[in-house]
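Chemist: Okay, so here is structure_17.txt, and as you'll see once you scroll down, it has compact mmCIF, N, CA and C atoms.
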# COMPACT_ATOMS: atom_id res chain seq x y z
N MET V 1 206.98 31.40 89.82
CA MET V 1 205.73 31.67 90.47
C MET V 1 204.71 32.08 89.42
N SER V 2 203.52 31.55 89.52
CA SER V 2 202.51 31.85 88.50
C SER V 2 201.94 33.25 88.70
N ASP V 3 201.28 33.74 87.67
CA ASP V 3 200.67 35.05 87.70
C ASP V 3 199.63 35.12 88.83
N TYR V 4 198.88 34.06 89.02
CA TYR V 4 197.86 33.99 90.08
C TYR V 4 198.51 34.17 91.46
N HIS V 5 199.61 33.47 91.70
CA HIS V 5 200.29 33.54 92.98
C HIS V 5 200.89 34.93 93.22
N SER V 6 201.40 35.55 92.17
CA SER V 6 201.96 36.90 92.30
C SER V 6 200.88 37.89 92.69
N ARG V 7 199.73 37.81 92.03
CA ARG V 7 198.63 38.71 92.35
C ARG V 7 198.12 38.47 93.78
N TYR V 8 198.04 37.21 94.16
CA TYR V 8 197.59 36.87 95.51
C TYR V 8 198.56 37.43 96.55
N LEU V 9 199.85 37.29 96.31
CA LEU V 9 200.86 37.80 97.22
C LEU V 9 200.78 39.33 97.33
N ILE V 10 200.62 40.01 96.21
CA ILE V 10 200.50 41.46 96.22
C ILE V 10 199.25 41.89 96.99
N LEU V 11 198.15 41.20 96.78
CA LEU V 11 196.91 41.51 97.49
C LEU V 11 197.08 41.33 99.00
N VAL V 12 197.70 40.26 99.40
CA VAL V 12 197.95 40.00 100.82
C VAL V 12 198.84 41.09 101.42
N LEU V 13 199.87 41.49 100.70
CA LEU V 13 200.77 42.53 101.19
C LEU V 13 200.05 43.87 101.32
N ILE V 14 199.21 44.20 100.36
CA ILE V 14 198.47 45.46 100.42
C ILE V 14 197.50 45.46 101.60
N ILE V 15 196.79 44.37 101.80
CA ILE V 15 195.84 44.28 102.92
C ILE V 15 196.59 44.33 104.24
N THR V 16 197.68 43.61 104.36
CA THR V 16 198.47 43.60 105.59
C THR V 16 199.02 45.00 105.88
N TYR V 17 199.55 45.65 104.89
CA TYR V 17 200.09 46.99 105.06
C TYR V 17 198.98 47.96 105.47
N GLY V 18 197.83 47.87 104.84
CA GLY V 18 196.70 48.75 105.16
C GLY V 18 196.18 48.54 106.57
N LEU V 19 196.11 47.30 106.99
CA LEU V 19 195.59 47.01 108.33
C LEU V 19 196.60 47.33 109.43
N SER V 20 197.86 47.34 109.10
CA SER V 20 198.87 47.58 110.14
C SER V 20 198.78 49.00 110.69
N GLY V 21 198.25 49.94 109.95
CA GLY V 21 198.13 51.31 110.42
C GLY V 21 196.80 51.61 111.07
N CYS V 22 195.85 50.73 110.99
CA CYS V 22 194.52 50.99 111.53
C CYS V 22 194.53 50.95 113.05
N GLY V 23 193.83 51.88 113.64
CA GLY V 23 193.64 51.87 115.08
C GLY V 23 194.79 52.43 115.88
N HIS V 24 195.83 52.93 115.25
CA HIS V 24 196.98 53.43 115.98
C HIS V 24 197.04 54.95 116.02
N GLU V 25 196.06 55.60 115.42
CA GLU V 25 196.06 57.05 115.42
C GLU V 25 195.49 57.55 116.74
N LYS V 26 196.09 58.62 117.24
CA LYS V 26 195.62 59.23 118.48
C LYS V 26 194.33 60.00 118.17
N ALA V 27 193.36 59.83 119.02
CA ALA V 27 192.09 60.55 118.84
C ALA V 27 192.35 62.04 119.01
N PRO V 28 191.72 62.87 118.19
CA PRO V 28 191.94 64.31 118.32
C PRO V 28 191.41 64.82 119.65
N GLU V 29 192.11 65.80 120.20
CA GLU V 29 191.69 66.41 121.45
C GLU V 29 190.39 67.18 121.21
N PRO V 30 189.44 67.07 122.14
CA PRO V 30 188.21 67.85 121.96
C PRO V 30 188.53 69.34 122.09
N GLU V 31 187.99 70.12 121.18
CA GLU V 31 188.25 71.55 121.19
C GLU V 31 187.29 72.22 122.15
N VAL V 32 187.83 73.02 123.05
CA VAL V 32 187.01 73.74 124.02
C VAL V 32 186.93 75.18 123.56
N LYS V 33 185.71 75.65 123.34
CA LYS V 33 185.54 77.01 122.83
C LYS V 33 185.42 78.03 123.96
N ASP V 34 184.65 77.72 125.01
CA ASP V 34 184.44 78.64 126.10
C ASP V 34 184.91 77.99 127.40
N LEU V 35 186.10 78.36 127.82
CA LEU V 35 186.70 77.73 128.99
C LEU V 35 185.97 78.04 130.28
N SER V 36 185.20 79.11 130.30
CA SER V 36 184.48 79.47 131.52
C SER V 36 183.31 78.52 131.78
N GLN V 37 182.93 77.72 130.79
CA GLN V 37 181.78 76.83 130.92
C GLN V 37 182.15 75.42 131.33
N VAL V 38 183.43 75.14 131.52
CA VAL V 38 183.87 73.78 131.86
C VAL V 38 184.73 73.82 133.12
N GLN V 39 184.76 72.68 133.80
CA GLN V 39 185.66 72.55 134.95
C GLN V 39 187.09 72.52 134.43
N MET V 40 187.93 73.35 135.00
CA MET V 40 189.32 73.42 134.55
C MET V 40 190.10 72.27 135.16
N THR V 41 190.56 71.37 134.30
CA THR V 41 191.39 70.25 134.71
C THR V 41 192.65 70.28 133.84
N THR V 42 193.61 69.44 134.16
CA THR V 42 194.81 69.40 133.32
C THR V 42 194.48 68.94 131.91
N GLU V 43 193.46 68.09 131.77
CA GLU V 43 193.07 67.63 130.44
C GLU V 43 192.55 68.81 129.61
N VAL V 44 191.74 69.66 130.21
CA VAL V 44 191.22 70.84 129.49
C VAL V 44 192.37 71.83 129.27
N TRP V 45 193.17 72.06 130.29
CA TRP V 45 194.27 73.01 130.20
C TRP V 45 195.24 72.62 129.09
N ASN V 46 195.47 71.32 128.91
CA ASN V 46 196.38 70.85 127.86
C ASN V 46 195.85 71.11 126.45
N THR V 47 194.55 71.35 126.29
CA THR V 47 194.00 71.63 124.97
C THR V 47 194.19 73.10 124.57
N ILE V 48 194.57 73.93 125.52
CA ILE V 48 194.78 75.36 125.23
C ILE V 48 196.09 75.49 124.45
N PRO V 49 196.06 76.23 123.34
CA PRO V 49 197.28 76.40 122.54
C PRO V 49 198.39 77.06 123.36
N GLU V 50 199.63 76.67 123.08
CA GLU V 50 200.77 77.25 123.78
C GLU V 50 200.82 78.75 123.51
N GLY V 51 201.05 79.51 124.55
CA GLY V 51 201.15 80.95 124.44
C GLY V 51 200.93 81.57 125.80
N PRO V 52 201.10 82.88 125.91
CA PRO V 52 200.97 83.56 127.20
C PRO V 52 199.62 83.36 127.88
N GLU V 53 198.54 83.25 127.09
CA GLU V 53 197.20 83.09 127.68
C GLU V 53 197.11 81.83 128.54
N LYS V 54 197.81 80.79 128.14
CA LYS V 54 197.77 79.51 128.86
C LYS V 54 198.35 79.65 130.27
N TYR V 55 199.21 80.63 130.47
CA TYR V 55 199.92 80.77 131.74
C TYR V 55 199.46 81.99 132.54
N GLU V 56 198.29 82.53 132.21
CA GLU V 56 197.75 83.66 132.98
C GLU V 56 197.46 83.21 134.40
N GLN V 57 197.71 84.11 135.36
CA GLN V 57 197.53 83.78 136.77
C GLN V 57 196.10 83.33 137.08
N GLY V 58 195.11 84.00 136.50
CA GLY V 58 193.71 83.64 136.77
C GLY V 58 193.38 82.23 136.31
N LEU V 59 193.87 81.86 135.16
CA LEU V 59 193.62 80.52 134.61
C LEU V 59 194.33 79.46 135.45
N LEU V 60 195.56 79.74 135.84
CA LEU V 60 196.30 78.79 136.68
C LEU V 60 195.65 78.67 138.06
N ALA V 61 195.12 79.77 138.59
CA ALA V 61 194.43 79.72 139.89
C ALA V 61 193.18 78.84 139.78
N ARG V 62 192.46 78.97 138.68
CA ARG V 62 191.29 78.10 138.45
C ARG V 62 191.68 76.64 138.36
N LEU V 63 192.75 76.37 137.63
CA LEU V 63 193.24 75.00 137.49
C LEU V 63 193.58 74.43 138.87
N HIS V 64 194.29 75.20 139.66
CA HIS V 64 194.67 74.77 141.00
C HIS V 64 193.44 74.48 141.86
N LYS V 65 192.44 75.33 141.75
CA LYS V 65 191.23 75.21 142.57
C LYS V 65 190.31 74.08 142.10
N GLU V 66 190.16 73.91 140.77
CA GLU V 66 189.13 73.02 140.23
C GLU V 66 189.60 71.60 139.92
N ASP V 67 190.88 71.39 139.72
CA ASP V 67 191.35 70.04 139.41
C ASP V 67 191.60 69.27 140.71
N PRO V 68 190.87 68.18 140.91
CA PRO V 68 191.02 67.41 142.15
C PRO V 68 192.45 66.93 142.43
N LYS V 69 193.25 66.77 141.38
CA LYS V 69 194.64 66.32 141.56
C LYS V 69 195.46 67.31 142.39
N PHE V 70 195.03 68.56 142.37
CA PHE V 70 195.84 69.60 142.99
C PHE V 70 195.32 70.03 144.36
N GLN V 71 194.53 69.18 145.00
CA GLN V 71 194.13 69.45 146.38
C GLN V 71 195.35 69.37 147.29
N SER V 72 196.32 68.58 146.87
CA SER V 72 197.58 68.46 147.60
C SER V 72 198.51 69.58 147.14
N THR V 73 199.01 70.35 148.09
CA THR V 73 199.95 71.41 147.77
C THR V 73 201.20 70.85 147.12
N VAL V 74 201.61 69.67 147.55
CA VAL V 74 202.81 69.04 146.99
C VAL V 74 202.62 68.78 145.49
N GLU V 75 201.46 68.24 145.11
CA GLU V 75 201.19 67.97 143.69
C GLU V 75 201.16 69.25 142.88
N TRP V 76 200.55 70.31 143.42
CA TRP V 76 200.48 71.59 142.70
C TRP V 76 201.88 72.17 142.51
N LYS V 77 202.70 72.15 143.54
CA LYS V 77 204.07 72.68 143.43
C LYS V 77 204.87 71.89 142.40
N LYS V 78 204.69 70.57 142.39
CA LYS V 78 205.39 69.72 141.42
C LYS V 78 204.95 70.07 140.00
N PHE V 79 203.64 70.25 139.79
CA PHE V 79 203.11 70.62 138.48
C PHE V 79 203.67 71.97 138.05
N GLN V 80 203.72 72.93 138.96
CA GLN V 80 204.26 74.25 138.63
C GLN V 80 205.72 74.15 138.20
N LYS V 81 206.49 73.37 138.96
CA LYS V 81 207.92 73.25 138.69
C LYS V 81 208.19 72.50 137.38
N ASP V 82 207.48 71.38 137.18
CA ASP V 82 207.77 70.50 136.04
C ASP V 82 207.08 70.90 134.74
N VAL V 83 205.92 71.55 134.83
CA VAL V 83 205.14 71.84 133.62
C VAL V 83 204.98 73.34 133.39
N VAL V 84 204.46 74.05 134.39
CA VAL V 84 204.13 75.47 134.20
C VAL V 84 205.38 76.32 133.98
N ALA V 85 206.38 76.19 134.82
CA ALA V 85 207.57 77.05 134.69
C ALA V 85 208.26 76.89 133.34
N PRO V 86 208.54 75.66 132.89
CA PRO V 86 209.19 75.54 131.56
C PRO V 86 208.31 76.05 130.42
N GLY V 87 207.02 75.77 130.49
CA GLY V 87 206.12 76.22 129.42
C GLY V 87 205.98 77.72 129.39
N ALA V 88 205.87 78.33 130.57
CA ALA V 88 205.75 79.79 130.65
C ALA V 88 207.03 80.46 130.17
N GLU V 89 208.16 79.86 130.48
CA GLU V 89 209.43 80.41 130.02
C GLU V 89 209.49 80.45 128.50
N LYS V 90 209.01 79.39 127.86
CA LYS V 90 208.95 79.37 126.39
C LYS V 90 207.96 80.41 125.87
N ALA V 91 206.80 80.49 126.51
CA ALA V 91 205.74 81.39 126.05
C ALA V 91 206.14 82.85 126.17
N PHE V 92 206.83 83.20 127.27
CA PHE V 92 207.19 84.60 127.51
C PHE V 92 208.61 84.93 127.05
N GLY V 93 209.40 83.90 126.75
CA GLY V 93 210.75 84.12 126.27
C GLY V 93 211.73 84.58 127.35
N ARG V 94 211.36 84.32 128.60
CA ARG V 94 212.26 84.69 129.71
C ARG V 94 211.92 83.80 130.91
N PRO V 95 212.81 83.70 131.87
CA PRO V 95 212.51 82.91 133.08
C PRO V 95 211.30 83.48 133.81
N VAL V 96 210.49 82.61 134.37
CA VAL V 96 209.29 83.01 135.08
C VAL V 96 209.41 82.55 136.52
N HIS V 97 209.10 83.44 137.45
CA HIS V 97 209.16 83.11 138.87
C HIS V 97 207.74 82.84 139.35
N LEU V 98 207.52 81.64 139.86
CA LEU V 98 206.19 81.25 140.32
C LEU V 98 206.05 81.50 141.80
N LYS V 99 204.82 81.78 142.20
CA LYS V 99 204.53 82.01 143.62
C LYS V 99 204.25 80.71 144.31
Starting from the file, give its structure as C-alpha cells.

Modeler:
Amino acid sequence: MSDYHSRYLILVLIITYGLSGCGHEKAPEPEVKDLSQVQMTTEVWNTIPEGPEKYEQGLLARLHKEDPKFQSTVEWKKFQKDVVAPGAEKAFGRPVHLK
C-alpha cells in the first residue's frame, strides 16, 4: 500500500471515529436554583440531588399536588412505592414508612 493510501486510510478512520461519538451525549439537566419559583414536576424533582431534602414531606406534597401525572391516586401510590420509598431508604439509611 502506498504512503498516500495509508494516510488516506488513517484520515478516514480518524474522521469516522470522531463522528461516531457526536450527538450521543445526554444533554445536561437544567439546574434549578429556587424550587419555590417553579411548578414541581417529576422532571424538576429528579434534578434535586439525592439526600434527605429530596424526600421532605412538604416537597413530596407539592410534587403530588402540582404534577398533573399524580392527579390519579393510583399513579401517586405507585410512584411512592417504586421511587420514593427506595430513594428515601437510601437517603435516611433506614426503611421509610409512607402515608

Chemist: Report, in Å with one decimal, the straight-line distance from CA of Gly87 in chain V to atom C of Ile48 in chain V.

Modeler: 11.2 Å

Chemist: One number please: CA of Ser72 in chain V to atom N of Phe92 in chain V, in Å, one decimal.

Modeler: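 CA of Ser72 in chain V sits 26.8 Å away from atom N of Phe92 in chain V.
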
Chemist: Ranking V:Lys77, V:His97, V:Lys90, V:Lys69 by minimum distance to Pro52 in chain V and counting only C-alpha atoms, which one comes first?

Modeler: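 For Pro52 in chain V, the nearest of the candidates is V:Lys90.
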
Chemist: Distance CA of Val74 in chain V-CA of Gln37 in chain V, one decimal place?

Modeler: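 Distance between the two atoms: 27.6 Å.
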
Chemist: What lies within 9 Å of Arg62 in chain V using only C-alpha atoms, ignoring chain neighbours under 6 positions off, as a ChimeraX atom specification?

Modeler: /V:39-41
